[in-house]
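Please read the structure below before turning to the comments.
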Amino acid sequence: QVQLVESGGGLVQAGGSLRLSCAASGRTFSSRAVGWFRQAPGKEREFVAVISWSGGSTYYVDSVKGRFTISRDNAKNTVYLQMNNLKPEDTAVYYCAARLATYASGSQHPEDYAGWGQGTQVTVSS
């Protein structure tokens with residue numbers, strides 16, 4: 001079982017940067033893909049990015065490609081989301097979660113994940 005805790009959110013002006021962290025507990029973290037999702041008020045949870053269990057493969061939603069970078073340090077049981085050139089439409093609560101199945105490929109579907117954290121608020125002002 002893997003449990004995740006997000007941190008690093010905050011208030012930033014448009015064009016600014018933030019780095020989110022997702023710290024995991026559990027012995028199988030390094031064998032699971034990890035995804036970042038976000039949810040804005042009144043909207044459904046949206047896929048943002050995913051990284052494979054090895055860190056060798058990543059995938060992003062089109063709206064963040066070229067601006068966000070997902071990475072992981074399995075020795076520290078942590079996944080990061082570097083967010084650059086932030087836009088007001090990036091404002092949301094950001095969540096991370098781990099794939100239910102070990103050694104499975106990444107997925108864009110929230111139902112394929114478990115161990116959701118409490119989320120971290122990102123607010124981008126114009």
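Just so we're on the same page: first chain in the structure tokens is A, next is B, and so on; residues restart at 1 for each chain, and ligands are numbered from 1 in the order they show up.
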Nearby residues (only C-alpha atoms) at most 9 Å from A:Glu111, same-chain spacing under 3 positions excluded, as a PDB file with all heavy atoms, in the first residue's frame:
```pdb
ATOM      1  N   LEU A 100      -2.454   1.646  -9.302  1.00  0.00           N
ATOM      2  CA  LEU A 100      -2.884   0.510  -8.494  1.00  0.00           C
ATOM      3  C   LEU A 100      -2.002  -0.709  -8.730  1.00  0.00           C
ATOM      4  O   LEU A 100      -1.642  -1.409  -7.787  1.00  0.00           O
ATOM      5  CB  LEU A 100      -4.336   0.156  -8.819  1.00  0.00           C
ATOM      6  CG  LEU A 100      -5.399   1.005  -8.125  1.00  0.00           C
ATOM      7  CD1 LEU A 100      -6.742   0.828  -8.803  1.00  0.00           C
ATOM      8  CD2 LEU A 100      -5.481   0.652  -6.647  1.00  0.00           C
ATOM      9  N   GLN A 108      -4.175   7.884 -17.808  1.00  0.00           N
ATOM     10  CA  GLN A 108      -4.781   9.194 -17.622  1.00  0.00           C
ATOM     11  C   GLN A 108      -6.060   9.128 -16.800  1.00  0.00           C
ATOM     12  O   GLN A 108      -6.699  10.156 -16.582  1.00  0.00           O
ATOM     13  CB  GLN A 108      -5.092   9.824 -18.979  1.00  0.00           C
ATOM     14  CG  GLN A 108      -3.880  10.031 -19.862  1.00  0.00           C
ATOM     15  CD  GLN A 108      -4.240  10.682 -21.181  1.00  0.00           C
ATOM     16  OE1 GLN A 108      -4.965  11.667 -21.238  1.00  0.00           O
ATOM     17  NE2 GLN A 108      -3.730  10.130 -22.272  1.00  0.00           N
ATOM     18  N   ALA A 114      -4.417   4.997  -6.780  1.00  0.00           N
ATOM     19  CA  ALA A 114      -4.786   4.926  -5.374  1.00  0.00           C
ATOM     20  C   ALA A 114      -3.777   5.717  -4.552  1.00  0.00           C
ATOM     21  O   ALA A 114      -2.788   6.223  -5.088  1.00  0.00           O
ATOM     22  CB  ALA A 114      -4.830   3.475  -4.914  1.00  0.00           C
TER      23      ALA A 114
END
```
Residue set, stretch 1-116 of chain A restricted to strand (DSSP E), as a VMD selection string:
chain A and resid 3 to 7 10 to 13 18 to 25 34 to 39 46 to 51 58 to 60 68 to 73 78 to 83 92 to 99 113 to 114
Near-A:Ser31 list (8 Å; only C-alpha atoms; drop same-chain fewer than 3 positions) as a list of chain:residue names
A:Thr28, A:Trp53, A:Ser54, A:Thr102, A:Tyr103
Pick out the residues sitting within 12 Å of A:Ser126, and hand them over as a list in words; count only C-alpha atoms, and ignore anything fewer than 3 positions along from it in its own chain.
Leu11, Val12, Gln13, Ala14, Gly15, Gly16, Asn85, Leu86, Lys87, Pro88, Glu89, Asp90, Thr91 and Thr123 of chain A
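Counting only C-alpha atoms and comparing A:Val93, A:Val50, A:Val64, A:Ala24, the residue that lies closest to A:Thr120 is A:Val93.
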Can you pull out the residues contacting A:Arg99? Cut-off 12 Å, using only C-alpha atoms, and skip same-chain residues under 4 positions away; I want them as a CSV table (one decimal) with C-alpha atoms, in the first residue's frame.
```
chain,number,residue,atom,x,y,z
A,1,GLN,CA,0.0,0.0,0.0
A,2,VAL,CA,1.3,3.4,-0.9
A,3,GLN,CA,0.1,6.7,0.6
A,4,LEU,CA,1.1,10.1,-0.9
A,28,THR,CA,6.4,-0.6,-3.5
A,29,PHE,CA,6.5,3.1,-4.5
A,30,SER,CA,9.5,2.5,-6.8
A,31,SER,CA,7.5,-0.1,-8.8
A,32,ARG,CA,4.5,2.1,-9.5
A,33,ALA,CA,3.8,4.8,-12.1
A,34,VAL,CA,2.8,8.1,-10.5
A,35,GLY,CA,0.4,10.6,-11.9
A,36,TRP,CA,-0.4,14.3,-11.2
A,50,VAL,CA,2.4,10.8,-15.4
A,51,ILE,CA,5.8,9.2,-15.0
A,52,SER,CA,6.6,5.5,-15.3
A,53,TRP,CA,7.9,3.5,-12.3
A,103,TYR,CA,5.0,-2.2,-13.1
A,104,ALA,CA,2.0,-1.0,-15.1
A,105,SER,CA,2.2,1.7,-17.7
A,106,GLY,CA,1.0,5.2,-17.0
A,107,SER,CA,-2.7,6.0,-17.3
A,108,GLN,CA,-4.8,9.2,-17.6
A,109,HIS,CA,-7.7,7.7,-15.7
A,110,PRO,CA,-8.1,8.6,-12.0
A,111,GLU,CA,-9.8,5.2,-11.3
A,112,ASP,CA,-6.5,3.5,-12.1
A,113,TYR,CA,-4.8,5.2,-9.2
A,114,ALA,CA,-4.8,4.9,-5.4
A,115,GLY,CA,-3.1,6.5,-2.3
A,116,TRP,CA,-4.4,10.0,-3.1
```
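For the residues A:Val124, A:Val5, A:Ala101, A:Ala92, ranking by smallest atom-to-atom distance to A:Val48 using only C-alpha atoms places A:Ala92 first.
Proximity ranking of A:Ala75, A:Arg27, A:Arg45, A:Tyr94 relative to A:Val122 places A:Tyr94 first, based on only C-alpha atoms.
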One decimal, Å: what's the distance from atom CA of A:Asn84 over to atom CA of A:Gln118, could you say?
22.8 Å
Which distance in Å separates atom CA of A:Ser25 and atom CA of A:Ser57, to one decimal?
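Result for atom CA of A:Ser25 versus atom CA of A:Ser57: 22.1 Å, one decimal.
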Please provide as a ChimeraX atom specification all residues within 12 Å of A:Gly8, with the sequence filter that same-chain residues fewer than 4 positions apart are discarded (counting only C-alpha atoms).
/A:12,17-23,79-83,93-95,119-123
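Among the candidates A:Phe37, A:Tyr60, A:Phe68, A:Phe47, the residue lying nearest to A:Gly117 is A:Phe37 (atoms considered: only C-alpha atoms).
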Which residue of A:Ser63, A:Thr69, A:Ser7, A:Asn77 approaches A:Gly26 most closely, using only C-alpha atoms:
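Closest candidate: A:Asn77.
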Using DSSP secondary structure from the backbone, list all helix (DSSP H, G or I) positions within chain A, as a count of residues only.
15
